[in-house]
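See below for coords_23.pdb, which holds PDB, N, CA and C atoms.
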MODEL        1
ATOM      1  N   MET A 548     -15.066 -42.230 386.138
ATOM      2  CA  MET A 548     -15.009 -43.028 384.925
ATOM      3  C   MET A 548     -14.601 -42.140 383.752
ATOM      4  N   LYS A 549     -13.638 -42.595 383.002
ATOM      5  CA  LYS A 549     -13.181 -41.828 381.845
ATOM      6  C   LYS A 549     -14.116 -42.041 380.665
ATOM      7  N   ARG A 550     -14.327 -40.964 379.920
ATOM      8  CA  ARG A 550     -15.144 -41.018 378.717
ATOM      9  C   ARG A 550     -14.301 -40.502 377.569
ATOM     10  N   GLU A 551     -14.573 -40.989 376.380
ATOM     11  CA  GLU A 551     -13.805 -40.584 375.206
ATOM     12  C   GLU A 551     -14.758 -40.105 374.120
ATOM     13  N   TYR A 552     -14.461 -38.931 373.570
ATOM     14  CA  TYR A 552     -15.280 -38.367 372.500
ATOM     15  C   TYR A 552     -14.394 -37.913 371.346
ATOM     16  N   ASN A 553     -14.936 -37.981 370.158
ATOM     17  CA  ASN A 553     -14.275 -37.406 368.989
ATOM     18  C   ASN A 553     -14.675 -35.940 368.889
ATOM     19  N   ILE A 554     -13.702 -35.068 368.647
ATOM     20  CA  ILE A 554     -13.978 -33.650 368.465
ATOM     21  C   ILE A 554     -13.539 -33.264 367.061
ATOM     22  N   ILE A 555     -14.482 -32.742 366.288
ATOM     23  CA  ILE A 555     -14.190 -32.243 364.946
ATOM     24  C   ILE A 555     -13.795 -30.774 365.097
ATOM     25  N   ILE A 556     -12.641 -30.390 364.545
ATOM     26  CA  ILE A 556     -12.165 -29.008 364.653
ATOM     27  C   ILE A 556     -12.035 -28.418 363.251
ATOM     28  N   GLU A 557     -12.654 -27.254 363.081
ATOM     29  CA  GLU A 557     -12.574 -26.506 361.828
ATOM     30  C   GLU A 557     -12.127 -25.085 362.158
ATOM     31  N   GLN A 558     -11.713 -24.343 361.138
ATOM     32  CA  GLN A 558     -11.349 -22.943 361.342
ATOM     33  C   GLN A 558     -12.155 -22.088 360.378
ATOM     34  N   ASP A 559     -12.803 -21.034 360.917
ATOM     35  CA  ASP A 559     -13.616 -20.181 360.052
ATOM     36  C   ASP A 559     -12.770 -19.104 359.388
ATOM     37  N   SER A 560     -13.410 -18.297 358.552
ATOM     38  CA  SER A 560     -12.699 -17.290 357.765
ATOM     39  C   SER A 560     -12.111 -16.167 358.614
ATOM     40  N   GLU A 561     -12.568 -16.037 359.870
ATOM     41  CA  GLU A 561     -12.041 -15.010 360.763
ATOM     42  C   GLU A 561     -10.940 -15.552 361.677
ATOM     43  N   GLY A 562     -10.593 -16.826 361.520
ATOM     44  CA  GLY A 562      -9.514 -17.421 362.289
ATOM     45  C   GLY A 562      -9.921 -18.145 363.552
ATOM     46  N   TYR A 563     -11.216 -18.166 363.884
ATOM     47  CA  TYR A 563     -11.679 -18.881 365.068
ATOM     48  C   TYR A 563     -11.682 -20.384 364.805
ATOM     49  N   TYR A 564     -11.322 -21.157 365.832
ATOM     50  CA  TYR A 564     -11.419 -22.605 365.768
ATOM     51  C   TYR A 564     -12.777 -23.002 366.323
ATOM     52  N   ILE A 565     -13.445 -23.910 365.639
ATOM     53  CA  ILE A 565     -14.780 -24.358 366.015
ATOM     54  C   ILE A 565     -14.713 -25.862 366.249
ATOM     55  N   GLY A 566     -15.120 -26.272 367.437
ATOM     56  CA  GLY A 566     -15.112 -27.693 367.770
ATOM     57  C   GLY A 566     -16.528 -28.205 367.968
ATOM     58  N   SER A 567     -16.762 -29.425 367.512
ATOM     59  CA  SER A 567     -18.070 -30.050 367.720
ATOM     60  C   SER A 567     -17.877 -31.536 368.019
ATOM     61  N   VAL A 568     -18.819 -32.087 368.780
ATOM     62  CA  VAL A 568     -18.780 -33.492 369.184
ATOM     63  C   VAL A 568     -19.969 -34.196 368.540
ATOM     64  N   PRO A 569     -19.726 -35.021 367.512
ATOM     65  CA  PRO A 569     -20.830 -35.688 366.815
ATOM     66  C   PRO A 569     -21.696 -36.559 367.724
ATOM     67  N   GLU A 570     -21.101 -37.166 368.752
ATOM     68  CA  GLU A 570     -21.854 -38.060 369.634
ATOM     69  C   GLU A 570     -22.845 -37.320 370.534
ATOM     70  N   LEU A 571     -22.641 -36.021 370.741
ATOM     71  CA  LEU A 571     -23.511 -35.238 371.621
ATOM     72  C   LEU A 571     -24.166 -34.121 370.815
ATOM     73  N   LYS A 572     -25.421 -34.293 370.496
ATOM     74  CA  LYS A 572     -26.148 -33.331 369.670
ATOM     75  C   LYS A 572     -26.083 -31.924 370.262
ATOM     76  N   GLY A 573     -25.711 -30.946 369.440
ATOM     77  CA  GLY A 573     -25.656 -29.553 369.853
ATOM     78  C   GLY A 573     -24.432 -29.196 370.679
ATOM     79  N   CYS A 574     -23.459 -30.078 370.761
ATOM     80  CA  CYS A 574     -22.276 -29.861 371.592
ATOM     81  C   CYS A 574     -21.161 -29.251 370.736
ATOM     82  N   HIS A 575     -20.976 -27.928 370.877
ATOM     83  CA  HIS A 575     -19.946 -27.245 370.112
ATOM     84  C   HIS A 575     -19.509 -25.963 370.823
ATOM     85  N   SER A 576     -18.334 -25.468 370.444
ATOM     86  CA  SER A 576     -17.819 -24.230 371.006
ATOM     87  C   SER A 576     -16.818 -23.643 370.019
ATOM     88  N   GLN A 577     -16.310 -22.448 370.331
ATOM     89  CA  GLN A 577     -15.316 -21.819 369.473
ATOM     90  C   GLN A 577     -14.320 -21.042 370.323
ATOM     91  N   ALA A 578     -13.121 -20.810 369.758
ATOM     92  CA  ALA A 578     -12.085 -20.061 370.460
ATOM     93  C   ALA A 578     -11.043 -19.583 369.461
ATOM     94  N   ARG A 579     -10.180 -18.667 369.902
ATOM     95  CA  ARG A 579      -9.109 -18.124 369.062
ATOM     96  C   ARG A 579      -7.929 -19.080 368.914
ATOM     97  N   SER A 580      -7.721 -19.974 369.905
ATOM     98  CA  SER A 580      -6.611 -20.933 369.824
ATOM     99  C   SER A 580      -7.139 -22.339 370.083
ATOM    100  N   ILE A 581      -6.384 -23.336 369.631
ATOM    101  CA  ILE A 581      -6.795 -24.716 369.859
ATOM    102  C   ILE A 581      -6.710 -25.054 371.348
ATOM    103  N   ASP A 582      -5.696 -24.529 372.039
ATOM    104  CA  ASP A 582      -5.595 -24.777 373.482
ATOM    105  C   ASP A 582      -6.837 -24.266 374.214
ATOM    106  N   GLN A 583      -7.251 -23.050 373.897
ATOM    107  CA  GLN A 583      -8.444 -22.479 374.526
ATOM    108  C   GLN A 583      -9.695 -23.259 374.110
ATOM    109  N   LEU A 584      -9.739 -23.677 372.855
ATOM    110  CA  LEU A 584     -10.885 -24.467 372.380
ATOM    111  C   LEU A 584     -11.007 -25.757 373.171
ATOM    112  N   MET A 585      -9.897 -26.442 373.423
ATOM    113  CA  MET A 585      -9.960 -27.712 374.141
ATOM    114  C   MET A 585     -10.451 -27.517 375.575
ATOM    115  N   LEU A 586     -10.063 -26.424 376.217
ATOM    116  CA  LEU A 586     -10.587 -26.130 377.556
ATOM    117  C   LEU A 586     -12.098 -25.907 377.503
ATOM    118  N   ARG A 587     -12.527 -25.145 376.513
ATOM    119  CA  ARG A 587     -13.962 -24.881 376.363
ATOM    120  C   ARG A 587     -14.729 -26.140 376.005
ATOM    121  N   MET A 588     -14.116 -27.015 375.179
ATOM    122  CA  MET A 588     -14.797 -28.250 374.790
ATOM    123  C   MET A 588     -15.011 -29.152 376.002
ATOM    124  N   GLU A 589     -14.045 -29.207 376.905
ATOM    125  CA  GLU A 589     -14.220 -30.015 378.109
ATOM    126  C   GLU A 589     -15.423 -29.513 378.915
ATOM    127  N   GLU A 590     -15.531 -28.198 379.038
ATOM    128  CA  GLU A 590     -16.663 -27.609 379.768
ATOM    129  C   GLU A 590     -17.990 -27.903 379.080
ATOM    130  N   VAL A 591     -18.023 -27.707 377.760
ATOM    131  CA  VAL A 591     -19.291 -27.872 377.044
ATOM    132  C   VAL A 591     -19.700 -29.344 376.987
ATOM    133  N   ILE A 592     -18.735 -30.254 376.924
ATOM    134  CA  ILE A 592     -19.061 -31.684 376.946
ATOM    135  C   ILE A 592     -19.729 -32.040 378.272
ATOM    136  N   GLU A 593     -19.160 -31.538 379.372
ATOM    137  CA  GLU A 593     -19.761 -31.812 380.679
ATOM    138  C   GLU A 593     -21.176 -31.245 380.763
ATOM    139  N   LEU A 594     -21.391 -30.049 380.220
ATOM    140  CA  LEU A 594     -22.737 -29.464 380.220
ATOM    141  C   LEU A 594     -23.700 -30.278 379.364
ATOM    142  N   CYS A 595     -23.241 -30.684 378.186
ATOM    143  CA  CYS A 595     -24.102 -31.480 377.298
ATOM    144  C   CYS A 595     -24.455 -32.815 377.944
ATOM    145  N   GLU A 596     -23.506 -33.425 378.651
ATOM    146  CA  GLU A 596     -23.795 -34.686 379.340
ATOM    147  C   GLU A 596     -24.836 -34.480 380.433
ATOM    148  N   GLU A 597     -24.751 -33.368 381.146
ATOM    149  CA  GLU A 597     -25.735 -33.080 382.198
ATOM    150  C   GLU A 597     -27.137 -32.934 381.625
ATOM    151  N   VAL A 598     -27.230 -32.262 380.489
ATOM    152  CA  VAL A 598     -28.534 -31.980 379.885
ATOM    153  C   VAL A 598     -29.117 -33.206 379.195
ATOM    154  N   SER A 599     -28.318 -33.870 378.375
ATOM    155  CA  SER A 599     -28.868 -34.959 377.563
ATOM    156  C   SER A 599     -28.384 -36.342 377.966
ATOM    157  N   GLY A 600     -27.553 -36.436 378.972
ATOM    158  CA  GLY A 600     -27.019 -37.736 379.376
ATOM    159  C   GLY A 600     -25.797 -38.082 378.548
ATOM    160  N   LYS A 601     -25.180 -39.186 378.877
ATOM    161  CA  LYS A 601     -23.996 -39.639 378.145
ATOM    162  C   LYS A 601     -24.398 -39.997 376.718
ATOM    163  N   ALA A 602     -23.429 -39.977 375.833
ATOM    164  CA  ALA A 602     -23.698 -40.319 374.437
ATOM    165  C   ALA A 602     -24.274 -41.734 374.367
ATOM    166  N   LYS A 603     -25.339 -41.893 373.634
ATOM    167  CA  LYS A 603     -25.975 -43.194 373.521
ATOM    168  C   LYS A 603     -25.356 -44.037 372.414
ATOM    169  N   LYS A 604     -24.906 -43.377 371.371
ATOM    170  CA  LYS A 604     -24.262 -44.131 370.295
ATOM    171  C   LYS A 604     -22.793 -43.718 370.211
ATOM    172  N   LYS A 605     -21.951 -44.685 370.198
ATOM    173  CA  LYS A 605     -20.526 -44.431 370.063
ATOM    174  C   LYS A 605     -20.166 -44.497 368.582
ATOM    175  N   THR A 606     -19.307 -43.601 368.173
ATOM    176  CA  THR A 606     -18.835 -43.634 366.801
ATOM    177  C   THR A 606     -17.348 -43.939 366.803
ATOM    178  N   ARG A 607     -16.869 -44.466 365.716
ATOM    179  CA  ARG A 607     -15.456 -44.774 365.549
ATOM    180  C   ARG A 607     -14.902 -43.837 364.491
ATOM    181  N   PHE A 608     -13.878 -43.056 364.850
ATOM    182  CA  PHE A 608     -13.301 -42.135 363.894
ATOM    183  C   PHE A 608     -12.674 -42.904 362.746
ATOM    184  N   VAL A 609     -13.031 -42.538 361.525
ATOM    185  CA  VAL A 609     -12.514 -43.195 360.339
ATOM    186  C   VAL A 609     -11.537 -42.280 359.613
ATOM    187  N   GLY A 610     -11.895 -41.028 359.451
ATOM    188  CA  GLY A 610     -11.013 -40.098 358.754
ATOM    189  C   GLY A 610     -11.791 -38.906 358.239
ATOM    190  N   ILE A 611     -11.069 -38.049 357.575
ATOM    191  CA  ILE A 611     -11.644 -36.843 356.991
ATOM    192  C   ILE A 611     -11.436 -36.891 355.486
ATOM    193  N   GLN A 612     -12.410 -36.500 354.743
ATOM    194  CA  GLN A 612     -12.307 -36.469 353.287
ATOM    195  C   GLN A 612     -12.761 -35.112 352.798
ATOM    196  N   LYS A 613     -11.922 -34.416 352.060
ATOM    197  CA  LYS A 613     -12.295 -33.137 351.484
ATOM    198  C   LYS A 613     -12.832 -33.367 350.082
ATOM    199  N   MET A 614     -13.918 -32.680 349.746
ATOM    200  CA  MET A 614     -14.523 -32.808 348.432
ATOM    201  C   MET A 614     -14.702 -31.423 347.835
ATOM    202  N   VAL A 615     -14.246 -31.265 346.598
ATOM    203  CA  VAL A 615     -14.428 -30.002 345.875
ATOM    204  C   VAL A 615     -15.513 -30.228 344.834
ATOM    205  N   ILE A 616     -16.538 -29.384 344.852
ATOM    206  CA  ILE A 616     -17.652 -29.517 343.922
ATOM    207  C   ILE A 616     -17.715 -28.269 343.038
ATOM    208  N   GLY A 617     -17.908 -28.498 341.778
ATOM    209  CA  GLY A 617     -18.105 -27.373 340.867
ATOM    210  C   GLY A 617     -16.932 -26.925 340.152
TER     211      GLY A 617
ENDMDL
END
Give the structure from this file in structure tokens form.
Amino acid sequence: MKREYNIIIEQDSEGYYIGSVPELKGCHSQARSIDQLMLRMEEVIELCEEVSGKAKKKTRFVGIQKMVIG
């Protein structure tokens, strides 16, 4: 059965890409390239599903909004 998750990808000040899955608490990884990150995210999603079960609440991606404060 196919499952679909939203992955939020950010880049830190050292150039690493950081991915996280909002539907699976604590499900995140990092890598030097987006290709490598996606491979790692597939692995970590499977591990998170094993530990906590499938995502109980589904979210619908709406968009990203940047906010500058100060």
task: Go through the shown structure with the PyMOL selection byres (((chain A and resi 608-611 and name CA) around 10) and name CA) and write out the matching residues as number ranges by chain.
output: A: 552-555, 605-607, 612-614
Around stretch 566-580 of chain A, with edges along x, y and z and 8 Å added on all six sides, what centre and edge lengths do you get, in Å to one decimal, as JSON?
{"center_x": -16.4, "center_y": -28.1, "center_z": 369.2, "size_x": 35.5, "size_y": 35.9, "size_z": 20.8}
- request: Pick out each residue of chain A that DSSP on the backbone tags as alpha helix (DSSP H); I need them as a ChimeraX atom specification.
  value: /A:581-599
- prompt: Can you list every residue in chain A that DSSP puts in strand (DSSP E), as a list in words?
  reply: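 Result set for chain A (strand (DSSP E)): Ile555, Ile556, Glu557, Gln558, Tyr564, Ile565, Gly566, Ser567, His575, Ser576, Gln577 and Ala578 of chain A.
Between A:Val598 and the residues A:Cys574, A:Tyr564, A:Leu584, A:Glu551, the shortest atom-to-atom distance, using only C-alpha atoms, involves A:Cys574.
Distance-wise, atom C of A:Gln583 and atom CA of A:Met548 end up 23.2 Å apart.
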message: Quick one: residues within 8 Å of A:Lys601, all atoms listed in the file, excluding same-chain residues fewer than 6 positions away - as a VMD selection string?
response: chain A and resid 570 to 571 595
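Take atom CA of A:Gln577 and atom CA of A:Tyr563: the distance between them is 6.4 Å.
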